[in-house]
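Visitor: Enclosed is the structure file model.tsv (TSV, C-alpha atoms).
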```tsv
chain	number	residue	atom	x	y	z
A	1	MET	CA	0.00	0.00	0.00
A	2	LYS	CA	1.54	3.23	-1.10
A	3	ALA	CA	1.34	6.44	0.89
A	4	GLU	CA	-0.34	8.11	-2.05
A	5	TYR	CA	-3.36	5.78	-1.58
A	6	LEU	CA	-3.37	6.19	2.16
A	7	ASN	CA	-3.11	9.95	2.53
A	8	PRO	CA	-6.35	10.84	0.72
A	9	PHE	CA	-8.19	8.46	3.05
A	10	LEU	CA	-6.61	9.90	6.18
A	11	LYS	CA	-7.57	13.36	4.99
A	12	GLY	CA	-11.14	12.32	4.09
A	13	ILE	CA	-11.69	10.52	7.39
A	14	SER	CA	-10.53	13.46	9.51
A	15	SER	CA	-12.28	16.19	7.61
A	16	ILE	CA	-15.63	14.44	7.11
A	17	LEU	CA	-15.85	13.10	10.66
A	18	GLU	CA	-14.97	16.48	12.09
A	19	GLU	CA	-17.57	18.12	9.91
A	20	VAL	CA	-20.48	15.77	10.61
A	21	VAL	CA	-19.72	14.72	14.19
A	22	GLY	CA	-18.11	17.95	15.36
A	23	GLU	CA	-15.14	16.19	16.90
A	24	ARG	CA	-11.75	15.59	15.33
A	25	PRO	CA	-10.91	11.87	15.43
A	26	ALA	CA	-7.67	10.76	17.04
A	27	LEU	CA	-5.89	8.72	14.39
A	28	GLY	CA	-3.93	5.66	15.49
A	29	ARG	CA	-1.05	3.99	13.73
A	30	PRO	CA	-2.06	2.17	10.52
A	31	PHE	CA	-1.16	-1.53	10.44
A	32	LEU	CA	-1.24	-4.32	7.90
A	33	ARG	CA	-3.69	-7.11	8.76
A	34	PRO	CA	-2.06	-10.54	8.89
A	35	GLY	CA	-4.67	-11.99	6.51
A	36	TYR	CA	-8.27	-13.06	6.10
A	37	PRO	CA	-10.73	-13.48	7.60
A	38	TYR	CA	-10.68	-10.69	10.12
A	39	SER	CA	-13.57	-10.21	12.46
A	40	VAL	CA	-15.26	-7.11	13.81
A	41	ASP	CA	-18.12	-6.22	16.17
A	42	GLY	CA	-20.78	-3.57	15.72
A	43	VAL	CA	-21.30	-2.14	12.27
A	44	ALA	CA	-19.34	-2.74	9.10
A	45	ILE	CA	-19.98	-0.52	6.10
A	46	PHE	CA	-18.66	-1.73	2.75
A	47	ILE	CA	-17.90	0.31	-0.33
A	48	GLY	CA	-16.41	-1.17	-3.48
A	49	VAL	CA	-13.79	0.70	-5.47
A	50	THR	CA	-13.12	0.24	-9.18
A	51	GLY	CA	-10.96	2.01	-11.74
A	52	HIS	CA	-7.23	2.55	-11.48
A	53	LEU	CA	-7.50	1.08	-7.99
A	54	SER	CA	-9.79	-1.81	-7.21
A	55	GLY	CA	-10.93	-3.54	-4.07
A	56	GLN	CA	-12.97	-2.41	-1.14
A	57	VAL	CA	-13.10	-0.13	1.82
A	58	VAL	CA	-14.70	-1.49	4.98
A	59	ILE	CA	-15.30	0.90	7.84
A	60	CYS	CA	-16.03	-0.85	11.14
A	61	ILE	CA	-17.57	1.09	14.01
A	62	GLN	CA	-18.31	-0.16	17.52
A	63	ASP	CA	-22.03	-0.20	18.26
A	64	ALA	CA	-22.13	2.59	20.89
A	65	CYS	CA	-19.87	4.78	18.80
A	66	ALA	CA	-22.00	4.13	15.69
A	67	ARG	CA	-25.12	5.16	17.61
A	68	GLY	CA	-23.35	8.31	18.80
A	69	ILE	CA	-22.31	9.26	15.30
A	70	ALA	CA	-25.75	8.52	13.85
A	71	ALA	CA	-27.37	10.60	16.62
A	72	ALA	CA	-25.07	13.53	15.81
A	73	MET	CA	-25.83	13.22	12.11
A	74	LEU	CA	-29.58	12.97	12.64
A	75	MET	CA	-29.49	15.81	15.18
A	76	GLU	CA	-31.07	13.62	17.83
A	77	GLY	CA	-30.05	13.41	21.47
A	78	SER	CA	-29.38	9.70	21.47
A	79	ILE	CA	-30.28	6.61	19.49
A	80	ALA	CA	-31.11	3.34	21.23
A	81	LYS	CA	-30.99	1.09	18.20
A	82	LEU	CA	-29.47	1.32	14.76
A	83	ASP	CA	-32.70	1.62	12.81
A	84	GLU	CA	-33.16	2.31	9.11
A	85	TYR	CA	-32.47	6.04	9.52
A	86	ALA	CA	-29.33	5.49	11.58
A	87	GLN	CA	-28.02	2.90	9.10
A	88	SER	CA	-28.69	5.27	6.24
A	89	ALA	CA	-26.80	8.01	8.09
A	90	LEU	CA	-23.77	5.76	8.60
A	91	ALA	CA	-23.86	4.63	4.98
A	92	GLU	CA	-23.90	8.28	3.93
A	93	LEU	CA	-21.00	9.05	6.26
A	94	VAL	CA	-18.85	6.35	4.68
A	95	ASN	CA	-19.97	7.41	1.22
A	96	MET	CA	-18.80	10.95	1.95
A	97	ILE	CA	-15.46	9.77	3.37
A	98	VAL	CA	-14.66	7.52	0.43
A	99	ALA	CA	-15.96	10.04	-2.13
A	100	SER	CA	-13.73	12.69	-0.62
A	101	ALA	CA	-10.77	10.29	-0.73
A	102	THR	CA	-11.38	9.61	-4.43
A	103	ILE	CA	-10.72	13.30	-5.12
A	104	GLY	CA	-7.27	13.00	-3.52
A	105	LEU	CA	-6.69	9.75	-5.40
A	106	ALA	CA	-7.55	11.47	-8.67
A	107	GLU	CA	-5.02	14.19	-7.87
A	108	ALA	CA	-2.42	11.47	-7.35
A	109	GLY	CA	-3.30	10.07	-10.77
A	110	TYR	CA	-5.71	7.28	-9.77
A	111	ARG	CA	-9.17	7.69	-11.21
A	112	THR	CA	-11.69	5.60	-9.31
A	113	ASP	CA	-15.41	5.00	-9.01
A	114	ILE	CA	-17.23	3.81	-5.92
A	115	THR	CA	-20.24	1.56	-5.39
A	116	PRO	CA	-23.20	2.40	-3.14
A	117	PRO	CA	-22.44	1.42	0.46
A	118	SER	CA	-23.82	-1.68	2.20
A	119	VAL	CA	-24.30	-1.82	5.95
A	120	VAL	CA	-23.83	-5.01	7.98
A	121	THR	CA	-24.47	-5.14	11.72
A	122	GLY	CA	-23.86	-7.86	14.26
A	123	GLU	CA	-21.32	-9.47	16.54
A	124	LYS	CA	-18.22	-11.21	15.29
A	125	ILE	CA	-18.73	-10.31	11.66
A	126	GLU	CA	-16.11	-12.23	9.67
A	127	ILE	CA	-14.79	-10.45	6.64
A	128	SER	CA	-12.80	-12.12	3.93
A	129	ASN	CA	-11.85	-11.25	0.41
A	130	GLN	CA	-11.62	-13.62	-2.53
A	131	ALA	CA	-8.88	-11.67	-4.26
A	132	LYS	CA	-6.77	-11.80	-1.06
A	133	ILE	CA	-5.90	-8.14	-1.40
A	134	PRO	CA	-3.79	-7.12	1.62
A	135	THR	CA	-5.70	-4.95	4.08
A	136	LEU	CA	-4.31	-1.86	5.69
A	137	ALA	CA	-6.24	-0.95	8.82
A	138	ILE	CA	-6.37	2.57	10.23
A	139	PRO	CA	-7.62	2.65	13.84
A	140	LEU	CA	-9.11	5.83	15.19
A	141	THR	CA	-10.99	7.06	18.20
A	142	ILE	CA	-13.96	9.40	18.24
A	143	LEU	CA	-16.81	9.97	20.73
A	144	ASP	CA	-14.99	7.60	23.13
A	145	GLY	CA	-15.42	4.73	20.68
A	146	LYS	CA	-13.32	2.94	18.16
A	147	ILE	CA	-13.47	2.96	14.39
A	148	GLU	CA	-11.33	0.95	12.03
A	149	VAL	CA	-10.95	1.89	8.41
A	150	ASN	CA	-9.87	-1.13	6.36
A	151	LEU	CA	-8.42	-0.46	2.94
A	152	SER	CA	-8.06	-3.48	0.66
A	153	LEU	CA	-6.97	-1.77	-2.53
A	154	VAL	CA	-4.72	-2.81	-5.34
A	155	GLU	CA	-3.77	-1.22	-8.64
A	156	ALA	CA	-6.13	-2.45	-11.34
A	157	GLY	CA	-5.00	-5.57	-13.11
A	158	ALA	CA	-3.22	-6.93	-10.08
A	159	ALA	CA	-6.39	-8.08	-8.26
A	160	GLY	CA	-7.54	-11.66	-8.47
A	161	LYS	CA	-4.50	-12.91	-10.30
B	1	MET	CA	-31.62	-3.73	3.15
B	2	GLN	CA	-35.02	-3.28	1.51
B	3	PRO	CA	-34.72	-2.10	-2.08
B	4	GLU	CA	-35.67	1.56	-2.34
B	5	ASN	CA	-38.14	0.98	-5.13
B	6	ALA	CA	-40.18	-1.25	-2.80
B	7	GLU	CA	-40.88	1.84	-0.73
B	8	LYS	CA	-44.31	3.36	-0.69
B	9	LYS	CA	-44.90	6.23	-3.05
B	10	PRO	CA	-43.12	9.28	-1.70
B	11	TYR	CA	-46.31	11.19	-1.30
B	12	VAL	CA	-49.42	10.36	0.61
B	13	LYS	CA	-52.69	11.92	-0.50
B	14	SER	CA	-54.96	12.01	2.45
B	15	VAL	CA	-54.30	10.48	5.78
B	16	ARG	CA	-56.00	12.80	8.23
B	17	SER	CA	-58.61	10.43	9.61
B	18	ARG	CA	-56.15	7.64	10.15
B	19	ILE	CA	-53.76	9.93	11.97
B	20	GLU	CA	-56.45	11.21	14.30
B	21	ASP	CA	-57.21	7.59	15.13
B	22	ILE	CA	-53.66	6.91	16.10
B	23	VAL	CA	-52.73	10.07	17.91
B	24	PRO	CA	-55.87	11.60	19.42
B	25	GLY	CA	-55.91	15.39	19.37
B	26	MET	CA	-52.92	15.64	17.14
B	27	ALA	CA	-52.79	18.96	15.37
B	28	VAL	CA	-52.65	18.18	11.71
B	29	ALA	CA	-51.89	20.87	9.19
B	30	GLU	CA	-54.80	21.86	6.93
B	31	ASP	CA	-52.89	21.17	3.77
B	32	ILE	CA	-52.05	17.66	4.80
B	33	LYS	CA	-52.69	16.35	1.35
B	34	ASN	CA	-49.58	18.14	0.24
B	35	ALA	CA	-47.44	16.84	3.04
B	36	ALA	CA	-45.69	14.37	0.87
B	37	GLY	CA	-44.56	11.18	2.46
B	38	GLY	CA	-45.30	12.56	5.84
B	39	ILE	CA	-47.47	14.70	8.00
B	40	ILE	CA	-46.96	17.95	9.76
B	41	VAL	CA	-47.58	18.10	13.44
B	42	ALA	CA	-47.48	21.08	15.74
B	43	ALA	CA	-44.30	21.51	17.72
B	44	ASP	CA	-45.98	20.76	21.04
B	45	THR	CA	-47.40	17.41	19.95
B	46	PHE	CA	-45.86	14.66	21.99
B	47	LEU	CA	-45.22	11.59	19.91
B	48	THR	CA	-43.88	8.36	21.28
B	49	ARG	CA	-41.90	5.90	19.27
B	50	ALA	CA	-44.99	3.62	19.30
B	51	HIS	CA	-47.05	6.36	17.64
B	52	ILE	CA	-44.43	6.77	14.98
B	53	ASP	CA	-44.28	3.02	14.35
B	54	LYS	CA	-48.07	2.91	13.93
B	55	LEU	CA	-48.01	5.87	11.58
B	56	ARG	CA	-45.35	4.12	9.58
B	57	ASP	CA	-47.51	1.01	9.38
B	58	CYS	CA	-50.17	3.01	7.59
B	59	GLY	CA	-47.74	4.37	5.05
B	60	ILE	CA	-46.52	7.59	6.62
B	61	ASP	CA	-42.82	7.56	6.85
B	62	ARG	CA	-42.06	11.08	7.82
B	63	LEU	CA	-43.11	13.50	10.49
B	64	TYR	CA	-42.45	17.16	10.20
B	65	ILE	CA	-42.54	19.04	13.41
B	66	GLN	CA	-43.56	22.63	12.88
B	67	THR	CA	-40.68	24.46	14.43
B	68	CYS	CA	-39.96	26.71	11.54
B	69	ASP	CA	-38.12	29.74	12.68
B	70	MET	CA	-40.44	32.73	12.50
B	71	ASN	CA	-37.45	34.91	11.88
B	72	LYS	CA	-38.09	37.48	9.13
B	73	GLU	CA	-34.85	36.39	7.57
B	74	PHE	CA	-36.63	33.39	6.06
B	75	ASP	CA	-39.43	35.36	4.40
B	76	PRO	CA	-38.14	34.72	0.87
B	77	LEU	CA	-38.39	30.98	1.52
B	78	ARG	CA	-41.57	30.78	3.55
B	79	ASN	CA	-44.18	28.36	2.19
B	80	LYS	CA	-42.21	27.74	-0.95
B	81	ARG	CA	-42.67	24.16	-2.10
B	82	ALA	CA	-39.74	21.82	-2.44
B	83	VAL	CA	-39.10	18.33	-3.77
B	84	VAL	CA	-36.03	16.49	-2.48
B	85	VAL	CA	-34.56	13.75	-4.67
B	86	ASP	CA	-31.79	11.60	-3.25
B	87	ASP	CA	-31.27	7.86	-2.95
B	88	SER	CA	-30.06	8.22	0.63
B	89	LEU	CA	-32.85	8.08	3.18
B	90	PHE	CA	-30.61	9.95	5.59
B	91	PHE	CA	-30.02	12.79	3.19
B	92	ARG	CA	-33.73	13.19	2.34
B	93	HIS	CA	-34.61	13.16	6.00
B	94	MET	CA	-32.01	15.73	7.02
B	95	PHE	CA	-32.51	17.97	4.05
B	96	SER	CA	-36.27	18.07	4.56
B	97	LYS	CA	-35.72	18.84	8.22
B	98	MET	CA	-33.54	21.82	7.31
B	99	LEU	CA	-35.95	23.08	4.65
B	100	TYR	CA	-38.82	22.91	7.11
B	101	ARG	CA	-36.81	24.86	9.62
B	102	MET	CA	-36.52	27.61	7.03
B	103	GLY	CA	-40.27	27.66	6.52
B	104	MET	CA	-40.29	25.76	3.26
B	105	PHE	CA	-42.76	23.03	2.55
B	106	VAL	CA	-41.36	19.72	1.39
B	107	CYS	CA	-44.15	18.34	-0.74
B	108	GLY	CA	-42.24	15.41	-2.16
B	109	GLU	CA	-39.32	13.19	-1.32
B	110	ALA	CA	-38.10	10.70	-3.86
B	111	PRO	CA	-35.35	8.06	-3.93
B	112	THR	CA	-35.00	8.04	-7.73
B	113	ALA	CA	-34.93	10.64	-10.49
B	114	GLU	CA	-38.03	9.02	-12.02
B	115	ASP	CA	-40.05	9.46	-8.83
B	116	GLY	CA	-38.59	12.93	-8.44
B	117	LEU	CA	-39.78	13.95	-11.90
B	118	GLU	CA	-43.23	12.62	-11.11
B	119	ALA	CA	-43.36	14.51	-7.81
B	120	ALA	CA	-42.10	17.67	-9.52
B	121	SER	CA	-44.75	17.47	-12.21
B	122	VAL	CA	-47.50	16.94	-9.60
B	123	TYR	CA	-46.44	19.72	-7.24
B	124	CYS	CA	-44.68	22.26	-9.50
B	125	PRO	CA	-42.34	23.14	-6.66
B	126	GLU	CA	-40.35	26.34	-6.41
B	127	LEU	CA	-37.29	24.30	-5.46
B	128	VAL	CA	-35.98	20.89	-6.50
B	129	VAL	CA	-33.03	19.45	-4.63
B	130	MET	CA	-31.49	16.87	-6.94
B	131	ASP	CA	-28.73	14.40	-6.22
B	132	ILE	CA	-26.44	13.87	-9.22
B	133	HIS	CA	-25.62	10.18	-8.93
B	134	LEU	CA	-28.84	8.22	-8.71
B	135	PRO	CA	-29.52	4.53	-9.30
B	136	LYS	CA	-31.32	4.60	-12.65
B	137	MET	CA	-31.81	7.93	-14.40
B	138	ASP	CA	-28.93	10.33	-13.82
B	139	GLY	CA	-29.64	13.47	-11.80
B	140	ARG	CA	-28.30	15.69	-14.59
B	141	LEU	CA	-30.81	14.29	-17.06
B	142	ALA	CA	-33.60	14.88	-14.53
B	143	ILE	CA	-32.38	18.46	-14.05
B	144	LYS	CA	-32.56	18.96	-17.80
B	145	HIS	CA	-36.17	17.72	-17.91
B	146	ILE	CA	-37.27	19.86	-14.97
B	147	HIS	CA	-35.48	22.92	-16.26
B	148	ARG	CA	-37.15	22.56	-19.65
B	149	LYS	CA	-40.65	21.95	-18.30
B	150	MET	CA	-40.49	24.32	-15.34
B	151	PRO	CA	-37.94	27.03	-16.05
B	152	GLN	CA	-39.08	29.00	-12.97
B	153	THR	CA	-38.22	26.14	-10.62
B	154	LYS	CA	-34.91	26.64	-8.85
B	155	ILE	CA	-32.76	23.55	-8.99
B	156	LEU	CA	-30.16	22.85	-6.35
B	157	ALA	CA	-27.83	20.03	-7.39
B	158	VAL	CA	-26.22	18.13	-4.53
B	159	SER	CA	-23.59	15.43	-4.55
B	160	THR	CA	-20.51	14.07	-2.86
B	161	ASP	CA	-18.89	14.49	-6.27
B	162	MET	CA	-16.71	17.59	-6.37
B	163	GLU	CA	-15.22	17.06	-9.80
B	164	LYS	CA	-15.15	20.17	-11.92
B	165	ALA	CA	-16.59	18.40	-14.97
B	166	THR	CA	-19.60	17.13	-12.99
B	167	ILE	CA	-20.28	20.57	-11.53
B	168	ILE	CA	-20.02	22.31	-14.90
B	169	GLU	CA	-22.30	19.71	-16.48
B	170	ALA	CA	-24.88	20.20	-13.72
B	171	PHE	CA	-24.95	23.96	-14.28
B	172	ARG	CA	-25.07	23.42	-18.03
B	173	THR	CA	-28.18	21.23	-17.75
B	174	GLY	CA	-30.01	23.88	-15.73
B	175	ALA	CA	-29.00	23.70	-12.08
B	176	ASN	CA	-29.07	27.08	-10.31
B	177	ASP	CA	-26.57	26.04	-7.66
B	178	TYR	CA	-24.42	23.06	-6.75
B	179	MET	CA	-23.50	21.97	-3.25
B	180	VAL	CA	-21.08	19.27	-2.17
B	181	LYS	CA	-22.17	16.98	0.68
B	182	PRO	CA	-22.04	17.04	3.65
B	183	ILE	CA	-24.34	20.04	3.64
B	184	LYS	CA	-24.72	21.83	6.90
B	185	TRP	CA	-27.33	24.32	8.01
B	186	ASP	CA	-24.89	27.25	8.22
B	187	ILE	CA	-23.83	26.72	4.62
B	188	LEU	CA	-27.23	25.87	3.18
B	189	LYS	CA	-29.04	28.85	4.68
B	190	PRO	CA	-27.19	31.67	2.87
B	191	ARG	CA	-27.10	29.72	-0.40
B	192	LEU	CA	-30.86	29.13	-0.42
B	193	LEU	CA	-31.60	32.68	0.61
B	194	LYS	CA	-29.41	33.89	-2.23
B	195	LEU	CA	-31.18	31.56	-4.66
B	196	PHE	CA	-34.57	32.97	-3.71
B	197	SER	CA	-33.60	36.60	-3.36
B	198	GLU	CA	-32.56	36.73	-6.99
B	199	ASN	CA	-36.02	37.90	-7.85
B	200	ASP	CA	-35.61	38.45	-11.53
B	201	PRO	CA	-38.29	36.26	-13.08
B	202	ASN	CA	-36.50	36.33	-16.40
B	203	SER	CA	-33.22	35.21	-14.95
B	204	ALA	CA	-32.11	32.70	-17.49
B	205	HIS	CA	-29.89	30.10	-15.95
```
Would it be possible to restate this file's structure as structure tokens?

Guide:
Amino acid sequence: MKAEYLNPFLKGISSILEEVVGERPALGRPFLRPGYPYSVDGVAIFIGVTGHLSGQVVICIQDACARGIAAAMLMEGSIAKLDEYAQSALAELVNMIVASATIGLAEAGYRTDITPPSVVTGEKIEISNQAKIPTLAIPLTILDGKIEVNLSLVEAGAAGK
Amino acid sequence: MQPENAEKKPYVKSVRSRIEDIVPGMAVAEDIKNAAGGIIVAADTFLTRAHIDKLRDCGIDRLYIQTCDMNKEFDPLRNKRAVVVDDSLFFRHMFSKMLYRMGMFVCGEAPTAEDGLEAASVYCPELVVMDIHLPKMDGRLAIKHIHRKMPQTKILAVSTDMEKATIIEAFRTGANDYMVKPIKWDILKPRLLKLFSENDPNSAH
């Protein structure tokens, strides 16, 4: 994973989260996942990427943190359960983050398109990837909860071979 | 997730009697038949989650609480009709909430350009908020149709897409303004006021 892929995501994550949640996330140290599957709890939002880069972005948010973010986005005091509105808010959040990253990617010479987001909730969600694209995880903290941004991206042509 | 096209039509014609059954004494706006996809209730109406679930069961998926700021500042927007077209439920919900707060009347919400065009032709709104990237018909094509049929209607294009070419294309097809998501109240307010204070009826955009 080259820095030129990573930086647009770091920028998108910080700026969009700060704008919609009103709190700047504390970014942790990115690390390479040892392999698949990896498992997460809470909410996982998937967005596919195609074009000069292909693969997927999976943003995993702990349940309480996800409810906090959705509440902030929906301008509600608190949210007890991740209902349709809250899920739609989170999907939109991830859509905005990845869309903003694609601008930075385009500036670095990678033109990409993104798919509409899908939201998966539950405990011990196991995520694997058929193309075995290495995953770079970026941990971050916001609203006293944890988020992990998982980037499984490869330059087009290299995936699945 | 349920496919968006399985949703009920974005506008509900007349639901008054059913609402009064569910929430006794609820103040329902007179022009309820225009309250697309939802109903308007007075700000002091206390609704529980159970009420809302029941309302949803009978096809009402949106509640608008009348808290519109009576500030004179919003006079150019007051009671103007709007149709909001976006495939994100969150975006439609939040945008409508903000438009209501400015005194506008959201008469239609639609998840696709096709539904949006239908709502626009039914309500002839003063404002259409149109997402650019939509599942079937593209937002830019829908803007073109609306602009041709209703040149007086102001069209606000919205998208996460901030590419120059997309923005230029949106203006070229007839959009009056273009905003990149996320769209916050503080940013939307001056832009909408500007859109509606340009009072020249012949303003060709």

Visitor: Near Tyr123 of chain B, within 8 Å and counting all atoms listed in the file, which residues show up once chain neighbours fewer than 5 positions away are dropped, as a PDB file with C-alpha atoms, keeping the file's coordinate frame?

Guide:
```pdb
ATOM      1  CA  ARG B  81     -42.670  24.160  -2.100  1.00  0.00           C
ATOM      2  CA  CYS B 107     -44.150  18.340  -0.740  1.00  0.00           C
ATOM      3  CA  GLY B 108     -42.240  15.410  -2.160  1.00  0.00           C
TER       4      GLY B 108
END
```

Visitor: When you count only C-alpha atoms, which of these residues is closest to Ile114 of chain A: B:Thr153, B:His133, B:Ile167, B:Asp177?

Guide: B:His133

Visitor: What are the nearest atom pairs, with distances in Å to one decimal, for all residues of chain B that come at most 8 Å from chain A, using all atoms listed in the file, set out by chain and rising residue number as a tab-separated table?

Guide:
```
residue	atom	partner	partner_atom	distance
B:Ser88	CA	A:Ser88	CA	6.5
B:Leu89	CA	A:Ser88	CA	5.9
B:Phe90	CA	A:Ala89	CA	5.0
B:Phe91	CA	A:Ala89	CA	7.6
B:Met94	CA	A:Leu74	CA	6.7
B:Thr160	CA	A:Met96	CA	6.0
B:Asp161	CA	A:Ala99	CA	6.7
B:Met162	CA	A:Ile103	CA	7.5
B:Glu163	CA	A:Ile103	CA	7.5
B:Lys181	CA	A:Met96	CA	7.0
B:Pro182	CA	A:Met96	CA	7.1
```

Visitor: Using all atoms listed in the file, which residue out of B:Val83, B:Val106, B:Leu156, B:Leu141 lies closest to Ala120 of chain B?

Guide: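 Under the stated criterion, the closest residue is B:Val83.
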
Visitor: Quick one, how far is atom CA of Val122 of chain B from atom CA of Gly103 of chain B?

Guide: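 Computing the Euclidean distance for atom CA of Val122 of chain B and atom CA of Gly103 of chain B yields 20.7 Å.
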
Visitor: Record the distance separating atom CA of Leu195 of chain B and atom CA of Val21 of chain A, expressed in Å with one decimal.

Guide: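 Separating atom CA of Leu195 of chain B from atom CA of Val21 of chain A is a distance of 27.8 Å.
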
Visitor: Go ahead and compute the interatomic distance for atom CA of Gly145 of chain A and atom CA of Lys132 of chain A, in Å to one decimal.

Guide: 28.6 Å

Visitor: If we count all atoms listed in the file and set the cut-off at 9 Å, which residues sit around segment 22-30 of chain A, ignoring sequence neighbours fewer than 3 positions away in its own chain? Please answer as a PyMOL selection string.

Guide: chain A and resi 10+13-15+17-19+72+136-143

Visitor: Can you rebuild segment 126-142 of chain A with N, CA, C and O atoms and give it as a tab-separated table (two decimals), in the frame of the given file?

Guide:
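Below is the file that was written, part.tsv:
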```tsv
chain	number	residue	atom	x	y	z
A	126	GLU	N	-17.37	-11.78	10.29
A	126	GLU	CA	-16.11	-12.23	9.67
A	126	GLU	C	-16.03	-11.70	8.26
A	126	GLU	O	-16.94	-11.88	7.46
A	127	ILE	N	-14.94	-11.05	7.96
A	127	ILE	CA	-14.79	-10.45	6.64
A	127	ILE	C	-13.63	-11.13	5.92
A	127	ILE	O	-12.53	-11.26	6.46
A	128	SER	N	-13.90	-11.59	4.71
A	128	SER	CA	-12.80	-12.12	3.93
A	128	SER	C	-12.92	-11.61	2.50
A	128	SER	O	-13.91	-10.98	2.14
A	129	ASN	N	-11.92	-11.86	1.71
A	129	ASN	CA	-11.85	-11.25	0.41
A	129	ASN	C	-11.28	-12.26	-0.56
A	129	ASN	O	-10.19	-12.80	-0.33
A	130	GLN	N	-12.02	-12.55	-1.61
A	130	GLN	CA	-11.62	-13.62	-2.53
A	130	GLN	C	-10.32	-13.31	-3.25
A	130	GLN	O	-9.56	-14.19	-3.58
A	131	ALA	N	-10.09	-12.02	-3.51
A	131	ALA	CA	-8.88	-11.67	-4.26
A	131	ALA	C	-7.65	-11.61	-3.35
A	131	ALA	O	-6.54	-11.41	-3.82
A	132	LYS	N	-7.88	-11.82	-2.04
A	132	LYS	CA	-6.77	-11.80	-1.06
A	132	LYS	C	-5.93	-10.52	-1.15
A	132	LYS	O	-4.70	-10.56	-1.09
A	133	ILE	N	-6.61	-9.42	-1.35
A	133	ILE	CA	-5.90	-8.14	-1.40
A	133	ILE	C	-5.47	-7.79	0.03
A	133	ILE	O	-6.31	-7.81	0.94
A	134	PRO	N	-4.22	-7.47	0.26
A	134	PRO	CA	-3.79	-7.12	1.62
A	134	PRO	C	-4.59	-5.93	2.16
A	134	PRO	O	-4.95	-5.02	1.42
A	135	THR	N	-4.87	-6.00	3.46
A	135	THR	CA	-5.70	-4.95	4.08
A	135	THR	C	-4.87	-4.09	5.02
A	135	THR	O	-4.22	-4.60	5.93
A	136	LEU	N	-4.94	-2.80	4.78
A	136	LEU	CA	-4.31	-1.86	5.69
A	136	LEU	C	-5.41	-1.30	6.59
A	136	LEU	O	-6.42	-0.82	6.09
A	137	ALA	N	-5.22	-1.44	7.89
A	137	ALA	CA	-6.24	-0.95	8.82
A	137	ALA	C	-5.76	0.33	9.49
A	137	ALA	O	-4.61	0.44	9.89
A	138	ILE	N	-6.68	1.31	9.54
A	138	ILE	CA	-6.37	2.57	10.23
A	138	ILE	C	-7.29	2.66	11.45
A	138	ILE	O	-8.50	2.82	11.28
A	139	PRO	N	-6.76	2.52	12.66
A	139	PRO	CA	-7.62	2.65	13.84
A	139	PRO	C	-7.78	4.13	14.20
A	139	PRO	O	-6.85	4.91	14.01
A	140	LEU	N	-8.95	4.47	14.69
A	140	LEU	CA	-9.11	5.83	15.19
A	140	LEU	C	-10.14	5.87	16.30
A	140	LEU	O	-10.94	4.94	16.46
A	141	THR	N	-10.09	6.92	17.06
A	141	THR	CA	-10.99	7.06	18.20
A	141	THR	C	-11.79	8.34	18.04
A	141	THR	O	-11.23	9.38	17.70
A	142	ILE	N	-13.10	8.21	18.26
A	142	ILE	CA	-13.96	9.40	18.24
A	142	ILE	C	-15.15	9.11	19.14
A	142	ILE	O	-15.58	7.94	19.24
```
